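This is run.cif (mmCIF, C-alpha atoms).
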```cif
data_coords
loop_
_atom_site.label_atom_id
_atom_site.label_comp_id
_atom_site.auth_asym_id
_atom_site.auth_seq_id
_atom_site.Cartn_x
_atom_site.Cartn_y
_atom_site.Cartn_z
CA MET X 13 2.31 0.45 -16.65
CA ASN X 14 -0.33 -1.52 -14.80
CA LEU X 15 1.45 -2.98 -11.77
CA ASN X 16 -0.62 -6.15 -12.10
CA ASP X 17 0.73 -6.88 -15.59
CA LEU X 18 3.58 -9.36 -15.45
CA PRO X 19 6.66 -8.38 -17.51
CA ALA X 20 8.47 -11.00 -19.54
CA GLY X 21 10.87 -12.99 -17.39
CA ALA X 22 9.17 -12.11 -14.09
CA ASP X 23 10.56 -13.97 -11.09
CA THR X 24 7.89 -16.60 -10.52
CA ASP X 25 9.29 -17.54 -7.10
CA HIS X 26 8.00 -14.22 -5.78
CA GLN X 27 4.62 -14.18 -7.48
CA LEU X 28 1.30 -14.68 -5.71
CA THR X 29 -1.70 -16.22 -7.46
CA VAL X 30 -5.13 -15.66 -5.89
CA ALA X 31 -8.45 -16.56 -7.52
CA GLY X 32 -6.73 -17.20 -10.83
CA LYS X 33 -4.86 -13.89 -11.04
CA THR X 34 -1.10 -13.56 -10.58
CA TYR X 35 0.73 -10.67 -8.91
CA ASN X 36 4.44 -9.87 -8.83
CA SER X 37 4.60 -9.40 -5.05
CA LYS X 38 3.68 -11.59 -2.10
CA LEU X 39 3.18 -8.48 0.04
CA LEU X 40 -0.33 -7.05 0.47
CA VAL X 41 -0.80 -3.70 2.19
CA GLY X 42 -3.60 -1.75 3.81
CA THR X 43 -4.53 1.90 3.46
CA GLY X 44 -5.54 3.02 6.96
CA LYS X 45 -3.74 5.13 9.58
CA TYR X 46 -1.60 7.21 7.19
CA LYS X 47 -1.47 10.99 7.63
CA ASP X 48 -3.09 11.56 4.23
CA PHE X 49 -3.84 9.86 0.92
CA GLN X 50 -0.58 11.05 -0.65
CA GLU X 51 1.47 9.29 2.01
CA THR X 52 -0.74 6.25 1.49
CA ARG X 53 0.12 6.22 -2.21
CA ASP X 54 3.83 6.75 -1.61
CA ALA X 55 3.98 3.81 0.80
CA VAL X 56 1.90 1.55 -1.45
CA VAL X 57 4.17 2.24 -4.42
CA ALA X 58 7.32 1.74 -2.33
CA SER X 59 6.04 -1.63 -1.09
CA GLY X 60 5.82 -3.02 -4.62
CA THR X 61 2.44 -4.58 -3.86
CA GLY X 62 -0.21 -5.41 -6.40
CA ILE X 63 -3.07 -5.83 -3.91
CA VAL X 64 -4.26 -2.97 -1.72
CA THR X 65 -6.88 -3.61 0.94
CA VAL X 66 -9.43 -0.96 1.89
CA THR X 67 -11.72 -0.89 4.92
CA VAL X 68 -14.98 0.12 3.27
CA ARG X 69 -16.56 1.34 6.50
CA ARG X 70 -13.70 3.73 7.25
CA VAL X 71 -12.23 4.85 3.92
CA ASN X 72 -14.01 6.70 1.14
CA ILE X 73 -13.92 4.85 -2.19
CA GLY X 74 -16.85 6.73 -3.65
CA GLN X 75 -19.61 6.36 -1.09
CA HIS X 76 -19.09 9.99 0.05
CA GLN X 77 -19.10 12.19 -3.03
CA ASP X 78 -18.05 15.37 -1.20
CA GLU X 79 -14.89 13.88 0.40
CA PRO X 80 -11.44 12.97 -0.98
CA ASN X 81 -11.52 9.57 -2.66
CA LEU X 82 -8.76 7.05 -1.98
CA LEU X 83 -9.16 5.66 -5.49
CA ASP X 84 -7.88 8.94 -6.92
CA PHE X 85 -4.53 8.12 -5.28
CA VAL X 86 -4.57 4.31 -5.51
CA PRO X 87 -6.56 3.72 -8.71
CA PRO X 88 -7.94 0.31 -9.70
CA GLY X 89 -6.09 0.66 -13.01
CA GLU X 90 -2.78 0.32 -11.15
CA PHE X 91 -3.68 -1.92 -8.21
CA THR X 92 -6.19 -4.61 -7.34
CA ILE X 93 -8.43 -3.09 -4.70
CA LEU X 94 -9.33 -5.57 -1.97
CA PRO X 95 -12.37 -4.31 -0.03
CA ASN X 96 -12.48 -5.61 3.54
CA THR X 97 -15.08 -5.70 6.28
CA GLY X 98 -13.03 -4.27 9.14
CA GLY X 99 -15.39 -2.92 11.78
CA CYS X 100 -18.04 -5.60 11.21
CA TYR X 101 -19.04 -7.77 14.16
CA ASN X 102 -21.62 -10.05 12.56
CA ALA X 103 -22.14 -11.89 9.31
CA ALA X 104 -25.04 -9.75 8.09
CA ASP X 105 -23.06 -6.50 8.31
CA ALA X 106 -20.05 -8.07 6.62
CA VAL X 107 -22.12 -9.41 3.71
CA TYR X 108 -23.89 -6.07 3.23
CA THR X 109 -20.60 -4.14 3.30
CA LEU X 110 -19.03 -6.29 0.58
CA GLN X 111 -22.14 -6.20 -1.58
CA MET X 112 -22.02 -2.41 -1.38
CA ALA X 113 -18.29 -2.41 -2.23
CA ARG X 114 -18.91 -4.66 -5.23
CA GLU X 115 -21.39 -2.15 -6.59
CA MET X 116 -18.96 0.75 -6.13
CA LEU X 117 -16.10 -1.19 -7.74
CA GLY X 118 -18.03 -2.25 -10.80
CA GLY X 119 -18.74 -5.87 -9.96
CA HIS X 120 -15.34 -6.66 -8.41
CA SER X 121 -15.59 -10.11 -6.77
CA LEU X 122 -12.31 -10.41 -4.80
CA CYS X 123 -12.78 -9.45 -1.16
CA LYS X 124 -11.34 -9.84 2.31
CA LEU X 125 -13.80 -11.10 4.90
CA GLU X 126 -13.14 -9.98 8.46
CA VAL X 127 -15.76 -10.49 11.18
CA LEU X 128 -14.53 -9.37 14.58
CA GLY X 129 -15.43 -10.72 17.99
CA ASP X 130 -14.96 -7.66 20.18
CA GLU X 131 -13.49 -4.16 20.13
CA LYS X 132 -10.74 -4.90 22.65
CA THR X 133 -8.93 -7.80 20.96
CA LEU X 134 -10.30 -7.56 17.38
CA PHE X 135 -10.02 -11.34 17.41
CA PRO X 136 -12.06 -13.05 14.68
CA ASN X 137 -15.56 -14.25 15.49
CA MET X 138 -15.28 -17.63 13.80
CA PRO X 139 -18.95 -18.75 13.86
CA GLU X 140 -19.99 -15.48 12.20
CA THR X 141 -17.00 -15.66 9.83
CA LEU X 142 -18.05 -19.12 8.64
CA LYS X 143 -21.63 -17.95 8.19
CA ALA X 144 -20.60 -14.89 6.19
CA ALA X 145 -18.13 -16.85 4.06
CA GLU X 146 -20.80 -19.34 3.04
CA THR X 147 -23.21 -16.57 2.03
CA LEU X 148 -20.59 -14.60 0.09
CA ILE X 149 -19.29 -17.62 -1.82
CA LYS X 150 -22.83 -18.52 -2.86
CA ASP X 151 -23.22 -14.90 -4.03
CA GLY X 152 -20.21 -15.17 -6.34
CA PHE X 153 -17.51 -13.53 -4.23
CA ASP X 154 -13.89 -14.73 -4.18
CA VAL X 155 -13.33 -14.69 -0.43
CA MET X 156 -9.98 -14.17 1.23
CA VAL X 157 -10.72 -14.75 4.90
CA TYR X 158 -9.17 -13.41 8.11
CA CYS X 159 -9.34 -16.15 10.73
CA SER X 160 -7.89 -17.55 13.92
CA ASP X 161 -4.79 -19.74 13.73
CA ASP X 162 -6.91 -22.85 14.36
CA PRO X 163 -6.12 -25.50 11.71
CA ILE X 164 -9.60 -27.03 12.00
CA GLN X 165 -11.39 -23.75 11.34
CA ALA X 166 -8.95 -22.95 8.54
CA LYS X 167 -9.70 -26.29 6.87
CA MET X 168 -13.43 -25.67 7.11
CA LEU X 169 -13.03 -22.31 5.36
CA GLU X 170 -10.90 -23.84 2.62
CA ASP X 171 -13.36 -26.70 2.08
CA MET X 172 -16.16 -24.15 1.87
CA GLY X 173 -14.43 -22.50 -1.09
CA CYS X 174 -12.43 -19.54 0.25
CA VAL X 175 -9.64 -18.55 -2.17
CA ALA X 176 -7.11 -17.64 0.55
CA ILE X 177 -6.78 -18.40 4.26
CA MET X 178 -5.47 -15.48 6.33
CA PRO X 179 -4.65 -16.51 9.91
CA LEU X 180 -3.58 -13.85 12.38
CA ALA X 181 0.02 -13.84 13.60
CA SER X 182 -1.03 -11.87 16.69
CA LEU X 183 -3.69 -9.27 17.47
CA ILE X 184 -4.49 -6.66 14.81
CA GLY X 185 -2.26 -3.62 15.18
CA SER X 186 -0.28 -5.14 18.07
CA GLY X 187 3.06 -5.50 16.26
CA MET X 188 3.79 -8.58 18.38
CA GLY X 189 4.86 -10.73 15.44
CA ILE X 190 4.20 -14.44 15.03
CA LEU X 191 3.25 -15.81 18.45
CA ASN X 192 2.31 -19.34 17.42
CA PRO X 193 4.48 -20.58 14.53
CA TRP X 194 3.42 -24.19 15.20
CA ASN X 195 -0.25 -23.61 14.45
CA LEU X 196 0.68 -21.53 11.45
CA SER X 197 2.89 -24.35 10.15
CA LEU X 198 0.02 -26.84 10.55
CA ILE X 199 -2.26 -24.59 8.51
CA ILE X 200 0.36 -24.18 5.78
CA GLU X 201 0.95 -27.93 5.62
CA GLN X 202 -2.71 -28.81 5.10
CA THR X 203 -3.87 -25.95 2.89
CA GLN X 204 -4.00 -25.98 -0.92
CA VAL X 205 -5.01 -22.33 -1.42
CA PRO X 206 -2.67 -19.45 -0.48
CA VAL X 207 -1.97 -18.93 3.22
CA ILE X 208 -1.36 -15.25 3.95
CA VAL X 209 -0.40 -14.02 7.41
CA ASP X 210 -2.75 -11.23 8.40
CA ALA X 211 -2.42 -9.08 11.52
CA GLY X 212 0.33 -8.64 14.10
CA VAL X 213 3.39 -8.00 11.93
CA GLY X 214 5.47 -5.26 13.53
CA THR X 215 8.70 -5.04 11.58
CA ALA X 216 10.60 -6.54 8.67
CA SER X 217 11.92 -9.56 10.59
CA ASP X 218 8.33 -10.63 11.38
CA ALA X 219 7.50 -10.61 7.67
CA ALA X 220 10.64 -12.58 6.86
CA ILE X 221 9.82 -15.21 9.49
CA ALA X 222 6.32 -15.65 8.08
CA MET X 223 7.76 -16.29 4.65
CA GLU X 224 10.48 -18.59 6.01
CA LEU X 225 7.73 -20.74 7.54
CA GLY X 226 6.28 -21.21 4.07
CA CYS X 227 3.50 -18.65 3.93
CA ASP X 228 2.39 -17.57 0.47
CA GLY X 229 2.17 -13.93 1.46
CA VAL X 230 1.90 -11.33 4.21
CA LEU X 231 -0.71 -8.61 4.64
CA MET X 232 0.05 -5.59 6.80
CA ASN X 233 -1.06 -2.03 7.48
CA THR X 234 -0.10 -0.61 10.88
CA ALA X 235 3.50 -1.83 10.71
CA ILE X 236 4.07 0.45 7.73
CA ALA X 237 1.63 3.29 8.42
CA LYS X 238 2.75 3.85 12.02
CA ALA X 239 6.49 3.49 11.44
CA ARG X 240 8.55 6.62 12.03
CA ASP X 241 9.24 6.63 8.27
CA PRO X 242 6.43 4.76 6.50
CA ILE X 243 8.02 4.92 3.06
CA ARG X 244 11.30 3.43 4.23
CA MET X 245 9.42 0.77 6.20
CA ALA X 246 7.43 -0.12 3.08
CA LEU X 247 10.74 -0.68 1.28
CA ALA X 248 11.99 -2.79 4.20
CA MET X 249 8.85 -4.93 4.14
CA ARG X 250 9.14 -5.41 0.39
CA ASP X 251 12.70 -6.68 0.78
CA ALA X 252 11.91 -8.78 3.88
CA VAL X 253 9.14 -10.69 2.13
CA ARG X 254 11.45 -11.48 -0.76
CA ALA X 255 14.32 -12.44 1.57
CA GLY X 256 12.09 -14.72 3.63
CA ARG X 257 10.78 -16.42 0.52
CA ASN X 258 14.32 -16.97 -0.78
CA ALA X 259 15.35 -18.43 2.58
CA TYR X 260 12.37 -20.81 2.54
CA LEU X 261 13.21 -21.98 -0.97
CA ALA X 262 16.91 -22.34 -0.14
CA GLY X 263 16.22 -24.44 2.96
CA ARG X 264 17.89 -23.55 6.23
CA MET X 265 20.80 -25.50 7.66
CA PRO X 266 19.99 -28.08 10.37
CA ARG X 267 20.02 -26.86 13.95
CA ARG X 268 22.83 -28.40 15.97
CA PHE X 269 23.58 -28.70 19.68
CA ALA X 270 27.34 -28.51 19.11
CA ALA X 271 29.70 -26.21 17.28
CA SER X 272 30.75 -27.09 13.74
CA PRO X 273 33.67 -25.22 12.13
CA SER X 274 32.96 -23.36 8.93
CA SER X 275 36.17 -24.69 7.38
CA PRO X 276 37.28 -28.35 7.40
CA MET X 277 39.83 -29.33 10.04
CA ALA X 278 41.63 -31.91 7.88
CA GLY X 279 44.79 -30.88 6.12
CA LEU X 280 45.69 -27.98 8.41
CA MET X 281 49.24 -26.70 8.18
CA THR X 282 51.34 -27.65 11.21
#
```

Structure re-expressed in structure tokens:
Amino acid sequence: MNLNDLPAGADTDHQLTVAGKTYNSKLLVGTGKYKDFQETRDAVVASGTGIVTVTVRRVNIGQHQDEPNLLDFVPPGEFTILPNTGGCYNAADAVYTLQMAREMLGGHSLCKLEVLGDEKTLFPNMPETLKAAETLIKDGFDVMVYCSDDPIQAKMLEDMGCVAIMPLASLIGSGMGILNPWNLSLIIEQTQVPVIVDAGVGTASDAAIAMELGCDGVLMNTAIAKARDPIRMALAMRDAVRAGRNAYLAGRMPRRFAASPSSPMAGLMT
């Protein structure tokens, strides 16, 4: 069965809609840093994701005919392939990379834009990101965009026409979790398109916190690929995203500065 096809009675509380297409999972996963393509597939399947992101500059999806092809293990018939521009440091390179990916994927328009500022922090270069986003949108791409957790920049990208805003939780691959929940909450509050935390998730509790804040989804790679047991971690992330979403919908109890007994004190036996 195509994992992107929604069965009758699907739980809509846990669906993600991006660029007019609906997926059964709010978890998006990457394909780098695994020991081989078979482990990549096993983790992707365990995660329950419908969207798999691929760094075109680092992973073969057909551009190298004599090398193993990721798409043989994670085929577009089962998953939505999300080409990304990891490794690009200017708008021109990012635009070219996604145009090349579109050709290889048969006109596929959904993409993840990622323009980095430097090799040490991998922090987004926002001026170049804005420039690339404008060009790609005019060229017919549906742009999901990695960005800083600056609400002003995020609003500019949304107003430009990006289909998803993807602020970092912390530095790519750092596993530090959500360092600035306040900025993230401001972005969620103002944004009408999906807000998907991208970068910095280290373990399942980080994913749950992102969803409890009200995010529409979480994208991760290193947290799964570099776990001691990637397949089990993929399962944990799948469950954490669902648990966090349920907690957000349920609404947490108020925080108190005094104890409050779980059971009423009135009517106690004496």

Distance of CA of Asp251 in chain X from CA of Ala220 in chain X, expressed in Å to one decimal place: 8.7 Å

Expansion of the PyMOL selection byres ((chain X and resi 259) around 12) into residues, as an MDAnalysis selection string: chainID X and resid 25:26 220:227 252:258 260:265

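Considering the residues X:Ala248, X:Ala211, X:Ile93, X:Leu142 and counting all atoms listed in the file, Thr67 in chain X has its shortest atom-to-atom contact with X:Ile93.
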
Run the PyMOL selection byres ((chain X and resi 104-121) around 9) against the file shown and list the residues it catches, as a PDB file with C-alpha atoms, in the coordinates of the input.
```pdb
ATOM      1  CA  VAL X  68     -14.980   0.120   3.270  1.00  0.00           C
ATOM      2  CA  ARG X  69     -16.560   1.340   6.500  1.00  0.00           C
ATOM      3  CA  ILE X  73     -13.920   4.850  -2.190  1.00  0.00           C
ATOM      4  CA  GLY X  74     -16.850   6.730  -3.650  1.00  0.00           C
ATOM      5  CA  GLN X  75     -19.610   6.360  -1.090  1.00  0.00           C
ATOM      6  CA  PRO X  88      -7.940   0.310  -9.700  1.00  0.00           C
ATOM      7  CA  ILE X  93      -8.430  -3.090  -4.700  1.00  0.00           C
ATOM      8  CA  LEU X  94      -9.330  -5.570  -1.970  1.00  0.00           C
ATOM      9  CA  PRO X  95     -12.370  -4.310  -0.030  1.00  0.00           C
ATOM     10  CA  ASN X  96     -12.480  -5.610   3.540  1.00  0.00           C
ATOM     11  CA  THR X  97     -15.080  -5.700   6.280  1.00  0.00           C
ATOM     12  CA  GLY X  98     -13.030  -4.270   9.140  1.00  0.00           C
ATOM     13  CA  GLY X  99     -15.390  -2.920  11.780  1.00  0.00           C
ATOM     14  CA  CYS X 100     -18.040  -5.600  11.210  1.00  0.00           C
ATOM     15  CA  TYR X 101     -19.040  -7.770  14.160  1.00  0.00           C
ATOM     16  CA  ASN X 102     -21.620 -10.050  12.560  1.00  0.00           C
ATOM     17  CA  ALA X 103     -22.140 -11.890   9.310  1.00  0.00           C
ATOM     18  CA  LEU X 122     -12.310 -10.410  -4.800  1.00  0.00           C
ATOM     19  CA  CYS X 123     -12.780  -9.450  -1.160  1.00  0.00           C
ATOM     20  CA  LYS X 124     -11.340  -9.840   2.310  1.00  0.00           C
ATOM     21  CA  LEU X 125     -13.800 -11.100   4.900  1.00  0.00           C
ATOM     22  CA  GLU X 126     -13.140  -9.980   8.460  1.00  0.00           C
ATOM     23  CA  VAL X 127     -15.760 -10.490  11.180  1.00  0.00           C
ATOM     24  CA  GLU X 140     -19.990 -15.480  12.200  1.00  0.00           C
ATOM     25  CA  THR X 141     -17.000 -15.660   9.830  1.00  0.00           C
ATOM     26  CA  LYS X 143     -21.630 -17.950   8.190  1.00  0.00           C
ATOM     27  CA  ALA X 144     -20.600 -14.890   6.190  1.00  0.00           C
ATOM     28  CA  ALA X 145     -18.130 -16.850   4.060  1.00  0.00           C
ATOM     29  CA  THR X 147     -23.210 -16.570   2.030  1.00  0.00           C
ATOM     30  CA  LEU X 148     -20.590 -14.600   0.090  1.00  0.00           C
ATOM     31  CA  GLY X 152     -20.210 -15.170  -6.340  1.00  0.00           C
ATOM     32  CA  PHE X 153     -17.510 -13.530  -4.230  1.00  0.00           C
ATOM     33  CA  ASP X 154     -13.890 -14.730  -4.180  1.00  0.00           C
ATOM     34  CA  VAL X 155     -13.330 -14.690  -0.430  1.00  0.00           C
TER      35      VAL X 155
END
```

Two-atom distance - CA of Val64 in chain X, CA of Met232 in chain X (Å):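 The value is 9.9 Å.
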
Polymer residues at most 12 Å from Phe91 in chain X, all atoms listed in the file, same-chain spacing of 2 or more positions, as a PyMOL selection string: chain X and resi 13-17+35-37+40-41+53+56-57+60-66+83-89+93-94

Restricted to C-alpha atoms, what would the selected residues look like written as a PDB file, in the frame of the given file?
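Below is the file part23.pdb, written as the result:
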```
ATOM      1  CA  MET X  13       2.310   0.450 -16.650  1.00  0.00           C
ATOM      2  CA  ASN X  14      -0.330  -1.520 -14.800  1.00  0.00           C
ATOM      3  CA  LEU X  15       1.450  -2.980 -11.770  1.00  0.00           C
ATOM      4  CA  ASN X  16      -0.620  -6.150 -12.100  1.00  0.00           C
ATOM      5  CA  ASP X  17       0.730  -6.880 -15.590  1.00  0.00           C
ATOM      6  CA  TYR X  35       0.730 -10.670  -8.910  1.00  0.00           C
ATOM      7  CA  ASN X  36       4.440  -9.870  -8.830  1.00  0.00           C
ATOM      8  CA  SER X  37       4.600  -9.400  -5.050  1.00  0.00           C
ATOM      9  CA  LEU X  40      -0.330  -7.050   0.470  1.00  0.00           C
ATOM     10  CA  VAL X  41      -0.800  -3.700   2.190  1.00  0.00           C
ATOM     11  CA  ARG X  53       0.120   6.220  -2.210  1.00  0.00           C
ATOM     12  CA  VAL X  56       1.900   1.550  -1.450  1.00  0.00           C
ATOM     13  CA  VAL X  57       4.170   2.240  -4.420  1.00  0.00           C
ATOM     14  CA  GLY X  60       5.820  -3.020  -4.620  1.00  0.00           C
ATOM     15  CA  THR X  61       2.440  -4.580  -3.860  1.00  0.00           C
ATOM     16  CA  GLY X  62      -0.210  -5.410  -6.400  1.00  0.00           C
ATOM     17  CA  ILE X  63      -3.070  -5.830  -3.910  1.00  0.00           C
ATOM     18  CA  VAL X  64      -4.260  -2.970  -1.720  1.00  0.00           C
ATOM     19  CA  THR X  65      -6.880  -3.610   0.940  1.00  0.00           C
ATOM     20  CA  VAL X  66      -9.430  -0.960   1.890  1.00  0.00           C
ATOM     21  CA  LEU X  83      -9.160   5.660  -5.490  1.00  0.00           C
ATOM     22  CA  ASP X  84      -7.880   8.940  -6.920  1.00  0.00           C
ATOM     23  CA  PHE X  85      -4.530   8.120  -5.280  1.00  0.00           C
ATOM     24  CA  VAL X  86      -4.570   4.310  -5.510  1.00  0.00           C
ATOM     25  CA  PRO X  87      -6.560   3.720  -8.710  1.00  0.00           C
ATOM     26  CA  PRO X  88      -7.940   0.310  -9.700  1.00  0.00           C
ATOM     27  CA  GLY X  89      -6.090   0.660 -13.010  1.00  0.00           C
ATOM     28  CA  ILE X  93      -8.430  -3.090  -4.700  1.00  0.00           C
ATOM     29  CA  LEU X  94      -9.330  -5.570  -1.970  1.00  0.00           C
TER      30      LEU X  94
END
```

Top pick for closest residue to Thr43 in chain X, considering X:Met245, X:Val209, X:Ala237, X:Met168 and counting only C-alpha atoms: X:Ala237

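We find CA of Ile200 in chain X and CA of Met178 in chain X to be spaced 10.5 Å apart.
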
Reconstruct range 177-188 of chain X at the level of N, CA, C and O atoms, and format the result as a tab-separated table (two decimals), keeping the file's coordinate frame.
```tsv
chain	number	residue	atom	x	y	z
X	177	ILE	N	-6.61	-18.32	2.81
X	177	ILE	CA	-6.78	-18.40	4.26
X	177	ILE	C	-5.79	-17.42	4.89
X	177	ILE	O	-4.59	-17.45	4.58
X	178	MET	N	-6.28	-16.57	5.80
X	178	MET	CA	-5.47	-15.48	6.33
X	178	MET	C	-5.45	-15.51	7.86
X	178	MET	O	-6.12	-14.70	8.52
X	179	PRO	N	-4.70	-16.42	8.44
X	179	PRO	CA	-4.65	-16.51	9.91
X	179	PRO	C	-3.88	-15.34	10.52
X	179	PRO	O	-2.91	-14.85	9.92
X	180	LEU	N	-4.30	-14.92	11.69
X	180	LEU	CA	-3.58	-13.85	12.38
X	180	LEU	C	-2.26	-14.38	12.94
X	180	LEU	O	-2.16	-15.53	13.35
X	181	ALA	N	-1.24	-13.52	12.93
X	181	ALA	CA	0.02	-13.84	13.60
X	181	ALA	C	-0.07	-13.47	15.07
X	181	ALA	O	0.44	-14.18	15.94
X	182	SER	N	-0.70	-12.34	15.34
X	182	SER	CA	-1.03	-11.87	16.69
X	182	SER	C	-2.12	-10.82	16.50
X	182	SER	O	-2.61	-10.63	15.38
X	183	LEU	N	-2.54	-10.16	17.55
X	183	LEU	CA	-3.69	-9.27	17.47
X	183	LEU	C	-3.47	-8.14	16.47
X	183	LEU	O	-2.35	-7.63	16.32
X	184	ILE	N	-4.54	-7.73	15.80
X	184	ILE	CA	-4.49	-6.66	14.81
X	184	ILE	C	-3.86	-5.41	15.43
X	184	ILE	O	-4.26	-4.96	16.51
X	185	GLY	N	-2.88	-4.86	14.74
X	185	GLY	CA	-2.26	-3.62	15.18
X	185	GLY	C	-1.34	-3.73	16.37
X	185	GLY	O	-0.82	-2.73	16.85
X	186	SER	N	-1.09	-4.97	16.86
X	186	SER	CA	-0.28	-5.14	18.07
X	186	SER	C	1.22	-5.08	17.79
X	186	SER	O	2.01	-4.73	18.67
X	187	GLY	N	1.64	-5.46	16.58
X	187	GLY	CA	3.06	-5.50	16.26
X	187	GLY	C	3.83	-6.55	17.03
X	187	GLY	O	5.06	-6.48	17.13
X	188	MET	N	3.15	-7.56	17.55
X	188	MET	CA	3.79	-8.58	18.38
X	188	MET	C	4.45	-9.69	17.57
X	188	MET	O	5.13	-10.54	18.12
```
